[in-house]
$ cat structure-v5.cif   # mmCIF, C-alpha atoms and all ligand atoms
data_model
#
loop_
_atom_site.label_atom_id
_atom_site.label_comp_id
_atom_site.auth_asym_id
_atom_site.auth_seq_id
_atom_site.Cartn_x
_atom_site.Cartn_y
_atom_site.Cartn_z
CA LEU A 103 56.23 94.18 68.91
CA GLN A 104 58.03 93.64 72.21
CA GLY A 105 56.74 96.17 74.72
CA ARG A 106 56.68 96.80 78.40
CA ARG A 107 54.17 94.40 79.91
CA GLY A 108 52.11 95.12 83.00
CA VAL A 109 50.45 92.63 85.30
CA GLY A 110 47.75 91.55 82.86
CA PRO A 111 45.96 92.42 79.64
CA LEU A 112 43.66 95.01 81.27
CA TRP A 113 46.65 96.89 82.70
CA ASP A 114 48.39 96.86 79.33
CA ARG A 115 45.27 98.19 77.59
CA LEU A 116 44.85 100.96 80.13
CA ALA A 117 48.52 101.88 79.71
CA LEU A 118 47.99 102.33 75.95
CA LEU A 119 44.86 104.43 76.60
CA ALA A 120 46.71 106.67 79.08
CA GLU A 121 49.53 107.14 76.58
CA ALA A 122 46.97 107.90 73.84
CA ASP A 123 45.78 110.90 75.86
CA ARG A 124 48.96 112.71 74.82
CA LEU A 125 47.66 112.94 71.23
CA LYS A 126 45.39 115.71 72.52
CA SER A 127 48.49 117.87 72.99
CA VAL A 128 49.97 117.40 69.50
CA GLN A 129 49.19 120.50 67.45
CA ARG A 130 48.51 120.34 63.75
CA ALA A 131 49.24 122.96 61.09
CA THR A 132 45.48 123.26 60.33
CA THR A 133 42.96 125.28 62.31
CA LEU A 134 39.41 124.55 63.38
CA PHE A 135 36.83 125.33 60.70
CA ASP A 136 36.16 128.72 62.33
CA GLY A 137 39.88 129.53 62.41
CA SER A 138 39.82 130.18 66.17
CA ARG A 139 42.82 127.99 67.00
CA ASN A 140 45.00 125.20 65.66
CA GLU A 141 43.55 121.73 65.72
CA PHE A 142 44.92 119.02 68.00
CA THR A 143 45.51 115.57 66.55
CA GLY A 144 43.11 113.73 68.88
CA GLU A 145 40.11 115.79 67.81
CA HIS A 146 41.24 115.55 64.17
CA CYS A 147 41.00 111.75 64.50
CA TRP A 148 37.47 112.04 65.90
CA HIS A 149 36.44 114.31 63.06
CA VAL A 150 37.81 112.13 60.25
CA ALA A 151 36.22 109.04 61.84
CA LEU A 152 32.91 110.91 61.74
CA PHE A 153 33.62 111.75 58.07
CA ALA A 154 33.97 108.00 57.43
CA LEU A 155 30.62 107.21 59.06
CA VAL A 156 28.79 109.98 57.24
CA LEU A 157 30.43 109.70 53.82
CA ALA A 158 30.90 105.91 53.48
CA GLU A 159 28.62 105.79 50.47
CA HIS A 160 31.01 108.06 48.52
CA ALA A 161 33.98 105.67 48.78
CA ILE A 162 35.45 104.61 45.44
CA ARG A 163 34.35 101.02 46.11
CA PRO A 164 32.01 99.75 48.86
CA ALA A 165 33.82 100.42 52.12
CA ASN A 166 33.70 98.59 55.42
CA ALA A 167 32.92 101.76 57.40
CA ALA A 168 33.70 100.11 60.74
CA ARG A 169 37.18 99.14 59.57
CA VAL A 170 37.83 102.59 58.09
CA VAL A 171 36.77 104.15 61.42
CA ARG A 172 39.06 101.81 63.33
CA MET A 173 42.02 102.71 61.10
CA LEU A 174 41.33 106.43 61.41
CA LEU A 175 40.98 106.29 65.20
CA LEU A 176 44.46 104.79 65.56
CA HIS A 177 46.29 106.06 62.45
CA ASP A 178 47.86 109.10 64.12
CA LEU A 179 48.87 107.54 67.46
CA VAL A 180 52.47 107.48 66.20
CA GLU A 181 52.45 111.30 66.36
CA ILE A 182 52.72 110.97 70.15
CA ASP A 183 56.41 110.16 69.61
CA ALA A 184 57.03 111.33 66.04
CA GLY A 185 55.04 114.58 66.00
CA ASP A 186 52.81 115.94 63.25
CA THR A 187 54.35 116.45 59.81
CA PRO A 188 52.38 119.10 57.92
CA ILE A 189 51.97 117.76 54.38
CA HIS A 190 52.97 121.11 52.85
CA ALA A 191 56.00 121.75 55.10
CA GLY A 192 58.49 119.73 53.05
CA GLY A 193 60.21 117.61 55.73
CA ASP A 194 62.31 114.56 54.87
CA PRO A 195 59.83 111.66 54.40
CA ALA A 196 62.48 109.00 55.17
CA VAL A 197 63.34 110.57 58.53
CA GLN A 198 59.66 110.90 59.44
CA GLU A 199 58.91 107.34 58.34
CA ALA A 200 61.69 105.95 60.52
CA ALA A 201 60.40 107.92 63.52
CA GLU A 202 56.87 106.69 62.94
CA LEU A 203 58.00 103.06 62.68
CA ARG A 204 59.80 103.37 66.02
CA ALA A 205 56.68 104.96 67.49
CA ALA A 206 54.45 102.17 66.16
CA ASP A 207 56.77 99.56 67.71
CA ARG A 208 56.66 101.26 71.09
CA LEU A 209 52.97 102.25 71.23
CA PHE A 210 51.24 99.22 69.77
CA GLY A 211 53.76 97.15 71.75
CA LEU A 212 52.10 98.38 74.95
CA LEU A 213 49.02 96.27 74.11
CA PRO A 214 48.59 92.55 74.80
CA ALA A 215 50.33 90.59 72.03
CA ASP A 216 47.25 89.60 70.00
CA GLN A 217 45.87 93.13 70.01
CA ALA A 218 49.31 94.61 69.30
CA THR A 219 49.58 92.43 66.20
CA GLU A 220 46.07 93.33 65.00
CA TRP A 221 46.51 97.09 65.49
CA ARG A 222 49.95 97.12 63.93
CA ALA A 223 48.57 95.27 60.88
CA LEU A 224 45.76 97.83 60.53
CA TRP A 225 48.24 100.69 60.80
CA ASP A 226 50.61 99.08 58.25
CA VAL A 227 47.78 98.61 55.73
CA PHE A 228 46.66 102.19 56.24
CA GLU A 229 50.15 103.63 55.91
CA ALA A 230 50.80 101.66 52.73
CA ALA A 231 47.31 102.44 51.33
CA GLN A 232 47.03 98.72 50.66
CA SER A 233 43.26 98.25 50.70
CA ASP A 234 40.15 100.04 49.46
CA ASP A 235 39.33 100.90 53.09
CA ALA A 236 42.77 102.44 53.56
CA LEU A 237 42.43 104.44 50.33
CA PHE A 238 39.08 105.80 51.49
CA GLY A 239 40.45 106.64 54.95
CA LYS A 240 43.41 108.45 53.40
CA ALA A 241 41.08 110.43 51.14
CA LEU A 242 39.16 111.65 54.20
CA ASP A 243 42.40 112.47 56.00
CA ARG A 244 43.14 114.88 53.12
CA LEU A 245 39.60 116.19 52.64
CA GLN A 246 39.09 117.33 56.23
CA PRO A 247 42.08 119.74 56.42
CA ALA A 248 41.41 120.96 52.86
CA LYS A 249 37.93 121.90 53.98
CA ALA A 250 39.36 123.70 57.04
CA ASN A 251 41.72 125.65 54.76
CA LEU A 252 38.97 126.61 52.33
CA LEU A 253 36.77 127.85 55.18
CA THR A 254 39.59 130.06 56.49
CA ASP A 255 40.57 131.76 53.21
CA GLY A 256 43.26 129.24 52.31
CA GLY A 257 44.30 128.50 55.89
CA ASN A 258 47.95 127.42 55.86
CA TRP A 259 48.27 127.30 52.04
CA PRO A 260 49.61 130.87 51.72
CA HIS A 261 52.07 130.31 54.59
CA TYR A 262 53.50 127.23 52.86
CA ARG A 263 53.23 128.89 49.41
CA VAL A 264 51.33 125.88 48.10
CA THR A 265 50.88 125.88 44.34
CA ARG A 266 47.87 124.44 42.56
CA ALA A 267 50.11 121.66 41.19
CA GLN A 268 51.38 120.78 44.68
CA LEU A 269 47.83 120.75 45.95
CA ASP A 270 47.00 118.21 43.31
CA THR A 271 49.96 115.95 44.16
CA ARG A 272 49.54 116.13 47.93
CA VAL A 273 45.75 116.30 48.20
CA GLY A 274 43.93 115.77 44.91
CA VAL A 275 45.63 112.52 43.96
CA LYS A 276 44.80 110.94 47.32
CA ILE A 277 41.19 112.06 47.41
CA ARG A 278 40.61 110.86 43.84
CA ALA A 279 42.17 107.48 44.72
CA GLY A 280 39.76 106.85 47.59
CA ALA A 281 36.70 108.99 46.94
CA PRO A 282 36.51 110.60 43.48
CA ALA A 283 33.03 112.00 44.16
CA LEU A 284 34.46 114.02 47.04
CA TRP A 285 37.18 115.42 44.80
CA ASP A 286 34.50 116.40 42.27
CA TRP A 287 32.93 118.44 45.06
CA LEU A 288 36.21 119.91 46.31
CA GLU A 289 38.01 120.68 43.05
CA PRO A 290 35.93 123.67 41.85
CA ARG A 291 36.25 125.20 45.32
CA VAL A 292 40.02 124.77 45.25
CA ASP A 293 40.16 126.25 41.75
CA ALA A 294 38.05 129.21 42.83
CA TRP A 295 40.38 129.91 45.75
CA PHE A 296 43.49 129.80 43.57
CA ALA A 297 41.82 132.00 40.91
CA ARG A 298 40.79 134.54 43.55
CA THR A 299 44.21 134.55 45.24
CA ARG A 300 46.09 134.97 41.98
CA SER A 301 43.86 137.84 40.92
CA ALA A 302 44.55 139.49 44.30
CA VAL A 303 48.31 139.24 43.81
CA PHE A 304 48.64 140.25 40.15
CA LEU K 168 13.54 114.84 61.78
CA GLN K 169 12.72 117.66 59.39
CA GLY K 170 15.87 119.67 58.76
CA ARG K 171 17.24 122.19 56.35
CA ARG K 172 18.02 120.34 53.12
CA GLY K 173 20.76 121.28 50.68
CA VAL K 174 21.01 120.42 47.01
CA GLY K 175 21.73 116.72 47.52
CA PRO K 176 22.78 114.09 50.04
CA LEU K 177 26.50 114.90 49.79
CA TRP K 178 25.83 118.56 50.57
CA ASP K 179 23.70 117.62 53.56
CA ARG K 180 26.37 115.26 54.88
CA LEU K 181 29.07 117.92 54.52
CA ALA K 182 26.83 120.41 56.34
CA LEU K 183 26.57 118.04 59.31
CA LEU K 184 30.35 117.50 59.29
CA ALA K 185 31.01 121.25 59.23
CA GLU K 186 28.60 121.75 62.11
CA ALA K 187 30.27 118.89 64.00
CA ASP K 188 33.55 120.82 63.98
CA ARG K 189 32.08 123.09 66.66
CA LEU K 190 32.27 120.23 69.17
CA LYS K 191 36.02 120.95 69.29
CA SER K 192 35.18 124.26 71.01
CA VAL K 193 32.93 122.84 73.77
CA GLN K 194 34.94 122.66 76.98
CA ARG K 195 34.40 119.91 79.52
CA ALA K 196 34.86 120.07 83.29
CA THR K 197 37.60 117.41 83.11
CA THR K 198 41.23 118.01 82.19
CA LEU K 199 43.65 116.07 80.03
CA PHE K 200 45.36 113.21 81.88
CA ASP K 201 48.40 115.46 82.49
CA GLY K 202 46.20 118.24 83.89
CA SER K 203 47.60 120.78 81.40
CA ARG K 204 44.22 122.08 80.22
CA ASN K 205 40.52 121.26 80.11
CA GLU K 206 39.42 118.66 77.60
CA PHE K 207 37.28 119.58 74.59
CA THR K 208 34.32 117.37 73.77
CA GLY K 209 35.52 116.35 70.28
CA GLU K 210 38.75 114.86 71.57
CA HIS K 211 36.86 113.25 74.46
CA CYS K 212 34.73 111.42 71.89
CA TRP K 213 37.85 110.19 70.10
CA HIS K 214 39.32 108.96 73.37
CA VAL K 215 36.23 107.03 74.52
CA ALA K 216 35.87 105.47 71.06
CA LEU K 217 39.45 104.25 71.43
CA PHE K 218 38.52 102.91 74.90
CA ALA K 219 35.75 100.91 73.21
CA LEU K 220 38.13 99.38 70.66
CA VAL K 221 40.76 98.52 73.24
CA LEU K 222 38.51 97.34 76.07
CA ALA K 223 35.71 95.55 74.18
CA GLU K 224 36.57 92.26 75.82
CA HIS K 225 35.73 93.70 79.27
CA ALA K 226 32.10 94.54 78.38
CA ILE K 227 29.50 92.94 80.65
CA ARG K 228 28.23 90.88 77.70
CA PRO K 229 29.84 90.41 74.26
CA ALA K 230 29.77 93.86 72.64
CA ASN K 231 29.54 94.87 68.99
CA ALA K 232 32.59 97.13 69.22
CA ALA K 233 31.84 98.80 65.89
CA ARG K 234 28.37 99.82 67.06
CA VAL K 235 29.68 101.03 70.42
CA VAL K 236 32.28 103.13 68.59
CA ARG K 237 29.62 104.58 66.30
CA MET K 238 27.44 105.55 69.28
CA LEU K 239 30.35 107.13 71.11
CA LEU K 240 31.49 109.12 68.06
CA LEU K 241 28.08 110.79 67.77
CA HIS K 242 26.72 110.70 71.34
CA ASP K 243 27.92 114.19 72.31
CA LEU K 244 27.02 116.06 69.08
CA VAL K 245 24.02 117.54 70.92
CA GLU K 246 26.47 119.51 73.09
CA ILE K 247 27.03 121.80 70.08
CA ASP K 248 23.66 123.38 70.95
CA ALA K 249 23.05 122.21 74.52
CA GLY K 250 26.55 122.55 76.00
CA ASP K 251 28.34 120.16 78.33
CA THR K 252 26.65 119.29 81.64
CA PRO K 253 29.30 118.25 84.17
CA ILE K 254 27.87 115.19 85.96
CA HIS K 255 28.86 116.55 89.38
CA ALA K 256 27.60 120.13 88.82
CA GLY K 257 23.98 119.44 89.80
CA GLY K 258 22.07 121.07 86.92
CA ASP K 259 18.37 120.37 86.27
CA PRO K 260 18.27 117.11 84.26
CA ALA K 261 14.84 117.92 82.74
CA VAL K 262 16.04 121.27 81.35
CA GLN K 263 19.17 119.66 79.94
CA GLU K 264 17.23 116.77 78.44
CA ALA K 265 14.83 119.14 76.64
CA ALA K 266 17.78 121.13 75.22
CA GLU K 267 19.45 117.93 74.03
CA LEU K 268 16.29 116.70 72.33
CA ARG K 269 16.00 119.98 70.43
CA ALA K 270 19.67 119.70 69.48
CA ALA K 271 19.21 116.12 68.26
CA ASP K 272 16.26 117.23 66.09
CA ARG K 273 18.28 120.03 64.53
CA LEU K 274 21.63 118.29 64.09
CA PHE K 275 20.64 114.81 62.94
CA GLY K 276 18.00 116.56 60.82
CA LEU K 277 20.80 118.05 58.73
CA LEU K 278 21.52 114.57 57.32
CA PRO K 279 19.68 112.88 54.44
CA ALA K 280 16.47 111.33 55.79
CA ASP K 281 17.61 107.68 55.96
CA GLN K 282 20.84 108.59 57.74
CA ALA K 283 19.05 111.04 60.02
CA THR K 284 16.70 108.26 61.14
CA GLU K 285 19.55 105.81 61.70
CA TRP K 286 21.70 108.24 63.70
CA ARG K 287 18.80 109.45 65.77
CA ALA K 288 17.89 105.85 66.62
CA LEU K 289 21.47 105.14 67.72
CA TRP K 290 21.49 108.28 69.86
CA ASP K 291 18.11 107.42 71.42
CA VAL K 292 19.26 103.89 72.33
CA PHE K 293 22.47 105.28 73.81
CA GLU K 294 20.71 107.98 75.82
CA ALA K 295 18.19 105.50 77.21
CA ALA K 296 20.90 102.86 77.85
CA GLN K 297 18.62 100.43 76.07
CA SER K 298 21.10 97.86 74.81
CA ASP K 299 24.20 96.04 76.02
CA ASP K 300 26.25 98.13 73.59
CA ALA K 301 24.80 101.34 75.02
CA LEU K 302 25.49 100.18 78.59
CA PHE K 303 29.12 99.43 77.68
CA GLY K 304 29.49 102.79 75.91
CA LYS K 305 28.08 104.61 78.92
CA ALA K 306 30.45 102.78 81.23
CA LEU K 307 33.41 104.01 79.17
CA ASP K 308 32.00 107.53 79.10
CA ARG K 309 32.24 107.45 82.94
CA LEU K 310 35.54 105.58 83.19
CA GLN K 311 37.55 107.99 81.03
CA PRO K 312 36.90 111.18 83.09
CA ALA K 313 37.26 109.22 86.35
CA LYS K 314 40.71 108.17 85.20
CA ALA K 315 41.55 111.80 84.31
CA ASN K 316 40.46 112.86 87.80
CA LEU K 317 42.48 110.15 89.53
CA LEU K 318 45.60 111.10 87.56
CA THR K 319 45.24 114.76 88.60
CA ASP K 320 44.76 114.24 92.36
CA GLY K 321 40.98 114.13 92.21
CA GLY K 322 40.63 116.59 89.32
CA ASN K 323 37.27 118.32 89.62
CA TRP K 324 36.00 116.15 92.51
CA PRO K 325 37.18 118.56 95.25
CA HIS K 326 35.73 121.56 93.36
CA TYR K 327 32.31 119.91 93.18
CA ARG K 328 32.68 118.47 96.74
CA VAL K 329 31.86 115.00 95.43
CA THR K 330 31.24 112.46 98.18
CA ARG K 331 32.11 108.79 97.91
CA ALA K 332 28.37 107.99 97.83
CA GLN K 333 27.76 110.47 94.97
CA LEU K 334 30.66 109.00 93.08
CA ASP K 335 29.03 105.62 93.35
CA THR K 336 25.63 106.87 92.10
CA ARG K 337 27.00 108.97 89.24
CA VAL K 338 29.97 106.83 88.17
CA GLY K 339 30.16 103.46 89.91
CA VAL K 340 26.61 102.34 89.11
CA LYS K 341 27.07 103.06 85.39
CA ILE K 342 30.46 101.41 85.09
CA ARG K 343 29.23 98.32 86.92
CA ALA K 344 26.19 98.13 84.62
CA GLY K 345 28.30 98.04 81.44
CA ALA K 346 31.73 96.79 82.45
CA PRO K 347 32.01 95.39 85.99
CA ALA K 348 35.61 94.30 85.43
CA LEU K 349 36.57 97.92 84.83
CA TRP K 350 34.88 98.97 88.07
CA ASP K 351 36.82 96.26 89.89
CA TRP K 352 39.95 97.96 88.60
CA LEU K 353 38.78 101.49 89.37
CA GLU K 354 37.13 101.04 92.76
CA PRO K 355 40.22 100.49 94.94
CA ARG K 356 41.82 103.55 93.31
CA VAL K 357 38.76 105.65 94.07
CA ASP K 358 38.72 104.37 97.64
CA ALA K 359 42.40 105.14 98.07
CA TRP K 360 41.86 108.73 96.87
CA PHE K 361 38.96 109.30 99.26
CA ALA K 362 40.90 107.74 102.14
CA ARG K 363 43.91 109.93 101.42
CA THR K 364 41.86 113.11 101.02
CA ARG K 365 39.93 112.56 104.23
CA SER K 366 43.11 111.90 106.18
CA ALA K 367 44.56 115.15 104.81
CA VAL K 368 41.51 117.14 106.03
CA PHE K 369 41.04 115.68 109.51
CA CA A 401 45.65 112.39 59.88
#
$ encode --input "structure-v5.cif" --output "structure tokens" --more "lines below"
Ligand SMILES: [Ca+2]
Amino acid sequence: LQGRRGVGPLWDRLALLAEADRLKSVQRATTLFDGSRNEFTGEHCWHVALFALVLAEHAIRPANAARVVRMLLLHDLVEIDAGDTPIHAGGDPAVQEAAELRAADRLFGLLPADQATEWRALWDVFEAAQSDDALFGKALDRLQPAKANLLTDGGNWPHYRVTRAQLDTRVGVKIRAGAPALWDWLEPRVDAWFARTRSAVF
Amino acid sequence: LQGRRGVGPLWDRLALLAEADRLKSVQRATTLFDGSRNEFTGEHCWHVALFALVLAEHAIRPANAARVVRMLLLHDLVEIDAGDTPIHAGGDPAVQEAAELRAADRLFGLLPADQATEWRALWDVFEAAQSDDALFGKALDRLQPAKANLLTDGGNWPHYRVTRAQLDTRVGVKIRAGAPALWDWLEPRVDAWFARTRSAVF
């Protein structure tokens, strides 16, 4: 966690916040719910944090909503350096993971040492899905784009030729692990979309 | 807080979250820190929430960072109906306030009753700057766009012909009230910009 250090903790914090602004220019593979444009990562992080506040009661086990929000607000900062990896695009996970680790070193390393350590620990727990809060946060991080896709007639699923089985591995498993009640809500809608799409093709 | 009610609390919560997505399409008068485009309100809320997490120690009195974050994540939802009011544009505050109250009734009213009451109370406290947490949140809500303007050679200040005295009333007073240490950082930068601009004109 060695980073560039400014002339005091306030300067270092403001440097991280200025760098964070760049997350507003990282484009995701998902669109807004009305399909009008692609979503940027910064606003995605706001939306999933709001999901955590509103839906806390549906976590698999009682969640510390404040900690989930904190994780979700910072979980994608690494995309400033490493870019967004669409979950259905099939990149090499090892390459992406290495890039994100370098990004975490650099970005959290901008903060004063105590804060750098705390944020890095939160990010590590989230990435490894090592707590109930992390599992719930990860469920929301999958639910929000799935909802965007369902509202835009499948969104990017046709483009990536996502199968129902892939959707389960990449989305369903993670939502069930952190918020089974939300998967119970989502699953029939996913099934209906796949049934409708298949009947349109065959 | 009477709102449309769905078939259960989860449905109501998801309705609010779908409605919230529209905040990503409300454009603010400020740009991104690199000046590349105007900022949307959703990503602004993410950024100021991150300011609260990073800068909590600079609040005028010890802040409950989790509560400040919660307020900042929801404080601009009313813009979905009422639109953004640039602080330097000189609209009628009474007209805007009435529109925001109607928006708060409608939007928070989408939530289950207990959550609607809790969110509306948080929003009311924030709007009225009635707690130390609200004062700190409001300070950050002024600091972030001021920083964007300073990084883009005054940003929208020349367009709105903002004077140094207006900047103090609309920005300085609020930052000093919630986070004087942050105003100590900002003030010499503001002064330098005004000094430079005046010397360019005369
Ligand atoms: Ca994410």
$ closest_residue --input "structure-v5.cif" --among "A:Arg172, A:Arg163, A:His261, A:Arg130" --to "chain K" --atoms "only C-alpha atoms"
A:Arg172
$ residues_near_ligand --input "structure-v5.cif" --ligand "ligand CA 401 (chain A)" --cutoff "7 Å" --atoms "only C-alpha atoms and all ligand atoms" --output "PyMOL selection string"
chain A and resi 146-147+177-178+243
$ atom_distance --input "structure-v5.cif" --atom1 "atom CA of Lys249 of chain A" --atom2 "atom CA of Asp183 of chain A"
26.9 Å
$ residues_around --input "structure-v5.cif" --residues "segment 276-282 of chain K" --least-positions-apart "6" --cutoff "12 Å" --atoms "all atoms listed in the file" --output "JSON, numbers by chain"
{"A": [155, 156, 157, 158, 159], "K": [168, 169, 170, 171, 172, 173, 174, 175, 176, 177, 178, 179, 180, 181, 182, 183, 184, 185, 186, 187, 245, 268, 269, 270, 288, 289]}
$ residues_around --input "structure-v5.cif" --residues "Ala191 of chain A" --least-positions-apart "6" --cutoff "12 Å" --atoms "all atoms listed in the file" --output "PyMOL selection string"
chain A and resi 130-132+258-264+268+272
$ write_last_selection --input "structure-v5.cif" --atoms "C-alpha atoms" --output "compact mmCIF listing (two decimals), in the coordinates of the input"
# COMPACT_ATOMS: atom_id res chain seq x y z
CA ARG A 130 48.51 120.34 63.75
CA ALA A 131 49.24 122.96 61.09
CA THR A 132 45.48 123.26 60.33
CA ASN A 258 47.95 127.42 55.86
CA TRP A 259 48.27 127.30 52.04
CA PRO A 260 49.61 130.87 51.72
CA HIS A 261 52.07 130.31 54.59
CA TYR A 262 53.50 127.23 52.86
CA ARG A 263 53.23 128.89 49.41
CA VAL A 264 51.33 125.88 48.10
CA GLN A 268 51.38 120.78 44.68
CA ARG A 272 49.54 116.13 47.93
$ atom_distance --input "structure-v5.cif" --atom1 "atom CA of Leu274 of chain K" --atom2 "atom CA of His255 of chain K"
26.4 Å
$ interface_residues --input "structure-v5.cif" --of "chain A" --to "chain K" --cutoff "6 Å" --atoms "all atoms listed in the file" --output "list in words"
Gly144, Glu145, Trp148 and Ala168 of chain A
$ atom_distance --input "structure-v5.cif" --atom1 "atom CA of Ile162 of chain A" --atom2 "atom CA of Ala281 of chain A"
4.8 Å
$ residues_near_point --input "structure-v5.cif" --point "(27.6, 104.9, 88.6)" --cutoff "12 Å" --atoms "all atoms listed in the file" --output "number ranges by chain"
K: 254-255, 302, 305-310, 313, 331-347, 349-350, 353-354
$ axis_aligned_box --input "structure-v5.cif" --around "segment 253-266 of chain K" --padding-each-side "6 Å" --output "lines of an AutoDock Vina configuration file"
center_x = 22.1
center_y = 118.2
center_z = 82.5
size_x = 26.5
size_y = 18.1
size_z = 26.6
$ build_atoms --input "structure-v5.cif" --residues "segment 183-195 of chain K" --atoms "N, CA and C atoms" --output "mmCIF file, keeping the file's coordinate frame"
data_model
loop_
_atom_site.group_PDB
_atom_site.id
_atom_site.type_symbol
_atom_site.label_atom_id
_atom_site.label_comp_id
_atom_site.auth_asym_id
_atom_site.auth_seq_id
_atom_site.Cartn_x
_atom_site.Cartn_y
_atom_site.Cartn_z
ATOM 1 N N LEU K 183 26.487 118.633 57.967
ATOM 2 C CA LEU K 183 26.570 118.040 59.310
ATOM 3 C C LEU K 183 28.019 117.995 59.787
ATOM 4 N N LEU K 184 28.939 117.617 58.897
ATOM 5 C CA LEU K 184 30.350 117.500 59.290
ATOM 6 C C LEU K 184 30.953 118.860 59.613
ATOM 7 N N ALA K 185 30.528 119.899 58.918
ATOM 8 C CA ALA K 185 31.010 121.250 59.230
ATOM 9 C C ALA K 185 30.465 121.697 60.590
ATOM 10 N N GLU K 186 29.210 121.410 60.827
ATOM 11 C CA GLU K 186 28.600 121.750 62.110
ATOM 12 C C GLU K 186 29.296 120.986 63.246
ATOM 13 N N ALA K 187 29.617 119.724 62.985
ATOM 14 C CA ALA K 187 30.270 118.890 64.000
ATOM 15 C C ALA K 187 31.580 119.498 64.478
ATOM 16 N N ASP K 188 32.269 120.220 63.606
ATOM 17 C CA ASP K 188 33.550 120.820 63.980
ATOM 18 C C ASP K 188 33.437 121.652 65.262
ATOM 19 N N ARG K 189 32.264 122.212 65.489
ATOM 20 C CA ARG K 189 32.080 123.090 66.660
ATOM 21 C C ARG K 189 32.203 122.339 67.987
ATOM 22 N N LEU K 190 32.116 121.008 67.940
ATOM 23 C CA LEU K 190 32.270 120.230 69.170
ATOM 24 C C LEU K 190 33.709 120.314 69.706
ATOM 25 N N LYS K 191 34.629 120.761 68.851
ATOM 26 C CA LYS K 191 36.020 120.950 69.290
ATOM 27 C C LYS K 191 36.167 122.202 70.152
ATOM 28 N N SER K 192 35.122 123.020 70.218
ATOM 29 C CA SER K 192 35.180 124.260 71.010
ATOM 30 C C SER K 192 34.317 124.182 72.269
ATOM 31 N N VAL K 193 33.707 123.017 72.527
ATOM 32 C CA VAL K 193 32.930 122.840 73.770
ATOM 33 C C VAL K 193 33.881 122.310 74.835
ATOM 34 N N GLN K 194 34.003 123.063 75.931
ATOM 35 C CA GLN K 194 34.940 122.660 76.980
ATOM 36 C C GLN K 194 34.260 121.840 78.058
ATOM 37 N N ARG K 195 34.915 120.768 78.461
ATOM 38 C CA ARG K 195 34.400 119.910 79.520
ATOM 39 C C ARG K 195 34.981 120.301 80.881
#
